[in-house]
Amino acid sequence: MRFATTILAGILLLGGAATADTPALAKKAEVFAHDLQERFLFDGQVMCKRRLPTSARPFASFNMPDNAYMTGMYLGALSFEYDATNSNDARARARDALNALELLCTVSGQPGLLARAAVPMDAEWYDDGIWRESPDGEYRWRGDVSSDQMTGVFFGLAYAYLHTASGPEKRRIAAMASALVDHLERNDWRIVGYDGEPTQWGRYDPEYVSKVEPMNALLLLQHLKVTAYVTDLPKYHALYERMAFDEGYAEIAVNARRLRGPFPVNHSDDVLLYLAYAPLLSLMDEGREAEAYIASLRRTWEGDADTPGAKAERNPFFELITRHYLAPYFPDDYAELVEGDEAILAPLREFPFRMKWNRDTIEAYAAQFGFDADEPVISEEPGEGEAVPYDRHAKSWSALVGNPYEAGDNTADAATEYNGHDYLLSYWLARQLGVAGPSD
């Protein structure tokens, strides 16, 4: 699919919306999936921020710092969808996303050097990143890749391997994962860019994780564990064991989340933690692996006296993973997760289309899919210090990474619209885990 150029803009008016019905969760997923496929996909690669045309730039463009990260999460969501529904369409879209990740893993021409994004040389294009031409002259690609991008990619590769990949696709996943890890190993656990210099946010070396960013110990272990699993080669099993236990990364990863009051500096780090936790906990063995990762997840979830944990954020993606992997170890402590399906689904019921789109877009889809364009605010006003419900958030490229304690206007027209990958990831995980059903 080429870049879409439809101009959709307007103002959302909430007059009279208090009595409007909200779409069912499955209907929202259908609409968000349709929009993502129509306006935010380029040959399987997920674009993030769709900037509407202007007089100076008469075509829709996409800010693309996070294509690899977002395509990996989208591949994970499609894998959950396929596992929940056995949908051939979901599997076909997962295949397209996997093809896109393979392009991002190889377009630089340097083995194991991931690209943030790639577009054909002849595409209408506007972006503020550092771009280079591919060796074959067919693409330009965005560099300065980070640990964020790697974490999203490995998340997608893990769940595609588990749920959607055929035999040949599994071999391709193994080749991608091993090339990415080999790049890190030969560069002393750093992402080294096209210019031969380490990228700004691509460090996993022992000094960095022990003194600066313990989260990256957990992220590297995600990369290594997934690679060991999908290749099943002694080299990668040994490499994982060495870094996790001989080099102490599993112990460092227990303190992966920064806890300093009143809130963590960057809530997007919480998403990275959970993108790492999910495959690590899916693939771990009982014993010292489980001890380290369960301790890390519990610390992230609960926080401390100065810093609220992820529990306070009302994030359905976090809650679903915590419920599935942590609650069985401590059922008495987390009874509200074990018994609280509706509480976990409440943020998805509140999740409004207006967080992503302008009025004209919502009205067009309301007519096409049969829902009320005047979305109500269905949540209660939060108390002081409580997380803000999603229907009171500002417009956002990702509801998962924004400050959950900050309200904002989501009713006004905007120059940029966003895709619903965050809703789709949470919804299809809920379906895959049996927390939500097709009629919810």
# chains A, B, ... in the order shown; residues from 1 in each chain; ligands from 1
>>> residues_around(residues="Ser379 (chain A)", least_positions_apart="3", cutoff="10 Å", atoms="only C-alpha atoms", output="number ranges by chain")
A: 346-347, 349-350, 376, 382, 388-392
>>> residues_around(residues="Gly109 (chain A)", least_positions_apart="4", cutoff="10 Å", atoms="only C-alpha atoms", output="PDB file with all heavy atoms, in the first residue's frame")
ATOM      1  N   CYS A 105      15.621  -4.658   8.966  1.00  0.00           N
ATOM      2  CA  CYS A 105      16.809  -5.348   9.483  1.00  0.00           C
ATOM      3  C   CYS A 105      17.932  -5.438   8.452  1.00  0.00           C
ATOM      4  O   CYS A 105      19.082  -5.729   8.830  1.00  0.00           O
ATOM      5  CB  CYS A 105      16.445  -6.757   9.941  1.00  0.00           C
ATOM      6  SG  CYS A 105      15.512  -6.829  11.497  1.00  0.00           S
ATOM      7  N   LEU A 113      22.530  -4.140  11.505  1.00  0.00           N
ATOM      8  CA  LEU A 113      22.270  -2.729  11.795  1.00  0.00           C
ATOM      9  C   LEU A 113      20.825  -2.413  11.400  1.00  0.00           C
ATOM     10  O   LEU A 113      20.496  -2.289  10.229  1.00  0.00           O
ATOM     11  CB  LEU A 113      23.232  -1.816  11.041  1.00  0.00           C
ATOM     12  CG  LEU A 113      22.978  -0.308  11.239  1.00  0.00           C
ATOM     13  CD1 LEU A 113      23.003   0.073  12.720  1.00  0.00           C
ATOM     14  CD2 LEU A 113      23.988   0.517  10.444  1.00  0.00           C
ATOM     15  N   LEU A 114      19.970  -2.322  12.389  1.00  0.00           N
ATOM     16  CA  LEU A 114      18.545  -2.058  12.190  1.00  0.00           C
ATOM     17  C   LEU A 114      18.334  -0.619  11.744  1.00  0.00           C
ATOM     18  O   LEU A 114      19.055   0.292  12.156  1.00  0.00           O
ATOM     19  CB  LEU A 114      17.810  -2.299  13.512  1.00  0.00           C
ATOM     20  CG  LEU A 114      16.301  -2.084  13.562  1.00  0.00           C
ATOM     21  CD1 LEU A 114      15.585  -3.130  12.721  1.00  0.00           C
ATOM     22  CD2 LEU A 114      15.816  -2.140  15.015  1.00  0.00           C
ATOM     23  N   GLU A 133      20.949   6.432   1.787  1.00  0.00           N
ATOM     24  CA  GLU A 133      20.501   5.603   0.671  1.00  0.00           C
ATOM     25  C   GLU A 133      20.958   4.169   0.880  1.00  0.00           C
ATOM     26  O   GLU A 133      22.080   3.915   1.333  1.00  0.00           O
ATOM     27  CB  GLU A 133      21.081   6.158  -0.633  1.00  0.00           C
ATOM     28  CG  GLU A 133      20.580   5.442  -1.889  1.00  0.00           C
ATOM     29  CD  GLU A 133      21.098   6.092  -3.172  1.00  0.00           C
ATOM     30  OE1 GLU A 133      21.409   7.298  -3.126  1.00  0.00           O
ATOM     31  OE2 GLU A 133      21.183   5.382  -4.188  1.00  0.00           O
ATOM     32  N   SER A 134      20.086   3.215   0.558  1.00  0.00           N
ATOM     33  CA  SER A 134      20.458   1.802   0.674  1.00  0.00           C
ATOM     34  C   SER A 134      21.485   1.449  -0.397  1.00  0.00           C
ATOM     35  O   SER A 134      21.569   2.106  -1.444  1.00  0.00           O
ATOM     36  CB  SER A 134      19.227   0.913   0.529  1.00  0.00           C
ATOM     37  OG  SER A 134      18.650   1.049  -0.760  1.00  0.00           O
ATOM     38  N   PRO A 135      22.285   0.415  -0.184  1.00  0.00           N
ATOM     39  CA  PRO A 135      23.309   0.048  -1.169  1.00  0.00           C
ATOM     40  C   PRO A 135      22.760  -0.225  -2.565  1.00  0.00           C
ATOM     41  O   PRO A 135      23.435   0.030  -3.560  1.00  0.00           O
ATOM     42  CB  PRO A 135      23.938  -1.212  -0.563  1.00  0.00           C
ATOM     43  CG  PRO A 135      23.738  -1.064   0.904  1.00  0.00           C
ATOM     44  CD  PRO A 135      22.398  -0.395   1.053  1.00  0.00           C
ATOM     45  N   ASP A 136      21.528  -0.739  -2.657  1.00  0.00           N
ATOM     46  CA  ASP A 136      20.965  -1.036  -3.975  1.00  0.00           C
ATOM     47  C   ASP A 136      20.298   0.179  -4.617  1.00  0.00           C
ATOM     48  O   ASP A 136      19.784   0.092  -5.737  1.00  0.00           O
ATOM     49  CB  ASP A 136      19.967  -2.195  -3.897  1.00  0.00           C
ATOM     50  CG  ASP A 136      18.786  -1.905  -2.964  1.00  0.00           C
ATOM     51  OD1 ASP A 136      18.599  -0.745  -2.556  1.00  0.00           O
ATOM     52  OD2 ASP A 136      18.048  -2.854  -2.651  1.00  0.00           O
ATOM     53  N   TYR A 194      25.906   3.534  11.026  1.00  0.00           N
ATOM     54  CA  TYR A 194      26.529   3.471   9.706  1.00  0.00           C
ATOM     55  C   TYR A 194      27.872   4.192   9.678  1.00  0.00           C
ATOM     56  O   TYR A 194      28.770   3.825   8.925  1.00  0.00           O
ATOM     57  CB  TYR A 194      25.574   4.087   8.684  1.00  0.00           C
ATOM     58  CG  TYR A 194      25.937   3.846   7.243  1.00  0.00           C
ATOM     59  CD1 TYR A 194      25.559   2.661   6.603  1.00  0.00           C
ATOM     60  CD2 TYR A 194      26.639   4.795   6.507  1.00  0.00           C
ATOM     61  CE1 TYR A 194      25.876   2.425   5.284  1.00  0.00           C
ATOM     62  CE2 TYR A 194      26.969   4.575   5.177  1.00  0.00           C
ATOM     63  CZ  TYR A 194      26.590   3.386   4.572  1.00  0.00           C
ATOM     64  OH  TYR A 194      26.905   3.158   3.261  1.00  0.00           O
TER      65      TYR A 194
END
>>> residues_around(residues="Asp205 (chain A)", least_positions_apart="6", cutoff="9 Å", atoms="only C-alpha atoms", output="list in words")
Asp188, Trp189, Arg190, Asn216 and Ala217 of chain A
>>> residues_around(residues="region 352-369 of chain A", least_positions_apart="2", cutoff="9 Å", atoms="only C-alpha atoms", output="PyMOL selection string")
chain A and resi 7-13+22+27-28+30-32+35+348-350+371-377+390-399+409-420
>>> write_last_selection(atoms="C-alpha atoms", output="mmCIF file, in the first residue's frame")
data_model
loop_
_atom_site.group_PDB
_atom_site.id
_atom_site.type_symbol
_atom_site.label_atom_id
_atom_site.label_comp_id
_atom_site.auth_asym_id
_atom_site.auth_seq_id
_atom_site.Cartn_x
_atom_site.Cartn_y
_atom_site.Cartn_z
ATOM 1 C CA ILE A 7 -7.216 14.988 3.921
ATOM 2 C CA LEU A 8 -9.437 14.411 6.917
ATOM 3 C CA ALA A 9 -9.838 17.313 9.318
ATOM 4 C CA GLY A 10 -12.391 19.076 11.497
ATOM 5 C CA ILE A 11 -13.488 19.905 15.004
ATOM 6 C CA LEU A 12 -15.010 17.487 17.494
ATOM 7 C CA LEU A 13 -18.023 18.893 19.289
ATOM 8 C CA THR A 22 -19.857 3.865 22.993
ATOM 9 C CA LYS A 27 -16.065 -2.704 17.000
ATOM 10 C CA LYS A 28 -13.347 -0.287 18.095
ATOM 11 C CA GLU A 30 -12.323 -3.280 13.744
ATOM 12 C CA VAL A 31 -12.321 0.465 13.102
ATOM 13 C CA PHE A 32 -8.789 1.060 14.394
ATOM 14 C CA ASP A 35 -7.773 2.893 9.657
ATOM 15 C CA LEU A 348 -10.407 0.159 26.625
ATOM 16 C CA ARG A 349 -14.091 1.062 26.944
ATOM 17 C CA GLU A 350 -13.055 4.663 27.672
ATOM 18 C CA PHE A 371 -21.437 4.026 15.587
ATOM 19 C CA ASP A 372 -22.200 7.446 17.076
ATOM 20 C CA ALA A 373 -19.619 10.077 16.131
ATOM 21 C CA ASP A 374 -20.372 12.048 19.311
ATOM 22 C CA GLU A 375 -18.324 10.040 21.784
ATOM 23 C CA PRO A 376 -19.265 10.548 25.419
ATOM 24 C CA VAL A 377 -16.924 11.030 28.329
ATOM 25 C CA TYR A 390 -8.220 7.647 28.602
ATOM 26 C CA ASP A 391 -11.263 9.639 27.520
ATOM 27 C CA ARG A 392 -9.730 12.632 29.339
ATOM 28 C CA HIS A 393 -6.255 12.326 27.754
ATOM 29 C CA ALA A 394 -4.905 14.733 25.157
ATOM 30 C CA LYS A 395 -4.481 13.560 21.579
ATOM 31 C CA SER A 396 -1.507 11.216 21.562
ATOM 32 C CA TRP A 397 0.552 9.018 19.260
ATOM 33 C CA SER A 398 0.512 6.433 22.052
ATOM 34 C CA ALA A 399 -1.770 6.310 25.068
ATOM 35 C CA ASP A 409 -7.895 18.430 25.371
ATOM 36 C CA ASN A 410 -8.706 15.725 22.825
ATOM 37 C CA THR A 411 -11.603 17.516 21.133
ATOM 38 C CA ALA A 412 -9.854 20.059 18.904
ATOM 39 C CA ASP A 413 -8.754 19.777 15.309
ATOM 40 C CA ALA A 414 -5.065 19.005 14.876
ATOM 41 C CA ALA A 415 -2.474 19.076 12.107
ATOM 42 C CA THR A 416 -1.450 15.491 12.906
ATOM 43 C CA GLU A 417 -3.475 12.302 13.299
ATOM 44 C CA TYR A 418 -2.317 9.008 14.784
ATOM 45 C CA ASN A 419 -2.952 5.285 14.429
ATOM 46 C CA GLY A 420 -4.583 3.036 17.036
#
>>> select_by_dssp(residues="region 276-335 of chain A", states="alpha helix (DSSP H)", output="PyMOL selection string")
chain A and resi 276-283+288-302+316-325+335
>>> closest_residue(among="A:Ala244, A:Gly193, A:Val145, A:Leu162", to="Phe80 (chain A)", atoms="only C-alpha atoms")
A:Leu162
>>> closest_residue(among="A:Tyr277, A:Ala175, A:Val435, A:Ala292", to="Asp341 (chain A)", atoms="only C-alpha atoms")
A:Val435
>>> closest_residue(among="A:Gly156, A:Gly129, A:Gly112, A:Gly287", to="Ala179 (chain A)", atoms="only C-alpha atoms")
A:Gly112
>>> atom_distance(atom1="CA of Gly402 (chain A)", atom2="CA of Pro53 (chain A)")
25.7 Å
>>> decode(residues="region 338-358 of chain A", atoms="N, CA and C atoms", output="PDB file, in the first residue's frame")
ATOM      1  N   VAL A 338      -6.851 -10.971  39.450  1.00  0.00           N
ATOM      2  CA  VAL A 338      -7.411 -12.282  39.131  1.00  0.00           C
ATOM      3  C   VAL A 338      -8.918 -12.185  38.910  1.00  0.00           C
ATOM      4  N   GLU A 339      -9.587 -11.356  39.704  1.00  0.00           N
ATOM      5  CA  GLU A 339     -11.046 -11.285  39.660  1.00  0.00           C
ATOM      6  C   GLU A 339     -11.559 -10.061  38.907  1.00  0.00           C
ATOM      7  N   GLY A 340     -10.675  -9.222  38.412  1.00  0.00           N
ATOM      8  CA  GLY A 340     -11.112  -7.908  37.942  1.00  0.00           C
ATOM      9  C   GLY A 340     -11.118  -7.709  36.449  1.00  0.00           C
ATOM     10  N   ASP A 341     -11.721  -8.632  35.689  1.00  0.00           N
ATOM     11  CA  ASP A 341     -11.739  -8.483  34.233  1.00  0.00           C
ATOM     12  C   ASP A 341     -12.315  -7.140  33.805  1.00  0.00           C
ATOM     13  N   GLU A 342     -13.425  -6.750  34.377  1.00  0.00           N
ATOM     14  CA  GLU A 342     -14.066  -5.517  33.939  1.00  0.00           C
ATOM     15  C   GLU A 342     -13.208  -4.307  34.264  1.00  0.00           C
ATOM     16  N   ALA A 343     -12.527  -4.325  35.406  1.00  0.00           N
ATOM     17  CA  ALA A 343     -11.647  -3.212  35.753  1.00  0.00           C
ATOM     18  C   ALA A 343     -10.494  -3.099  34.767  1.00  0.00           C
ATOM     19  N   ILE A 344      -9.976  -4.235  34.295  1.00  0.00           N
ATOM     20  CA  ILE A 344      -8.890  -4.218  33.320  1.00  0.00           C
ATOM     21  C   ILE A 344      -9.381  -3.708  31.968  1.00  0.00           C
ATOM     22  N   LEU A 345     -10.634  -4.047  31.626  1.00  0.00           N
ATOM     23  CA  LEU A 345     -11.180  -3.638  30.326  1.00  0.00           C
ATOM     24  C   LEU A 345     -11.710  -2.205  30.322  1.00  0.00           C
ATOM     25  N   ALA A 346     -11.927  -1.621  31.498  1.00  0.00           N
ATOM     26  CA  ALA A 346     -12.516  -0.287  31.562  1.00  0.00           C
ATOM     27  C   ALA A 346     -11.741   0.752  30.746  1.00  0.00           C
ATOM     28  N   PRO A 347     -10.393   0.783  30.811  1.00  0.00           N
ATOM     29  CA  PRO A 347      -9.683   1.767  29.990  1.00  0.00           C
ATOM     30  C   PRO A 347      -9.929   1.599  28.491  1.00  0.00           C
ATOM     31  N   LEU A 348     -10.118   0.370  28.040  1.00  0.00           N
ATOM     32  CA  LEU A 348     -10.407   0.159  26.625  1.00  0.00           C
ATOM     33  C   LEU A 348     -11.812   0.646  26.275  1.00  0.00           C
ATOM     34  N   ARG A 349     -12.751   0.518  27.190  1.00  0.00           N
ATOM     35  CA  ARG A 349     -14.091   1.062  26.944  1.00  0.00           C
ATOM     36  C   ARG A 349     -14.046   2.580  26.870  1.00  0.00           C
ATOM     37  N   GLU A 350     -13.172   3.204  27.657  1.00  0.00           N
ATOM     38  CA  GLU A 350     -13.055   4.663  27.672  1.00  0.00           C
ATOM     39  C   GLU A 350     -12.280   5.196  26.466  1.00  0.00           C
ATOM     40  N   PHE A 351     -11.503   4.347  25.818  1.00  0.00           N
ATOM     41  CA  PHE A 351     -10.560   4.780  24.789  1.00  0.00           C
ATOM     42  C   PHE A 351     -11.306   5.408  23.612  1.00  0.00           C
ATOM     43  N   PRO A 352     -11.175   6.729  23.390  1.00  0.00           N
ATOM     44  CA  PRO A 352     -11.972   7.379  22.352  1.00  0.00           C
ATOM     45  C   PRO A 352     -11.223   7.503  21.023  1.00  0.00           C
ATOM     46  N   PHE A 353     -11.963   7.470  19.938  1.00  0.00           N
ATOM     47  CA  PHE A 353     -11.358   7.728  18.632  1.00  0.00           C
ATOM     48  C   PHE A 353     -10.786   9.142  18.560  1.00  0.00           C
ATOM     49  N   ARG A 354     -11.375  10.060  19.309  1.00  0.00           N
ATOM     50  CA  ARG A 354     -10.920  11.462  19.228  1.00  0.00           C
ATOM     51  C   ARG A 354      -9.525  11.660  19.815  1.00  0.00           C
ATOM     52  N   MET A 355      -9.006  10.658  20.555  1.00  0.00           N
ATOM     53  CA  MET A 355      -7.620  10.753  20.998  1.00  0.00           C
ATOM     54  C   MET A 355      -6.664  10.657  19.819  1.00  0.00           C
ATOM     55  N   LYS A 356      -7.158  10.114  18.706  1.00  0.00           N
ATOM     56  CA  LYS A 356      -6.302   9.862  17.545  1.00  0.00           C
ATOM     57  C   LYS A 356      -6.639  10.733  16.333  1.00  0.00           C
ATOM     58  N   TRP A 357      -7.917  11.057  16.144  1.00  0.00           N
ATOM     59  CA  TRP A 357      -8.366  11.592  14.871  1.00  0.00           C
ATOM     60  C   TRP A 357      -9.136  12.896  15.026  1.00  0.00           C
ATOM     61  N   ASN A 358      -9.286  13.585  13.911  1.00  0.00           N
ATOM     62  CA  ASN A 358     -10.107  14.783  13.822  1.00  0.00           C
ATOM     63  C   ASN A 358     -11.564  14.413  13.533  1.00  0.00           C
TER      64      ASN A 358
END
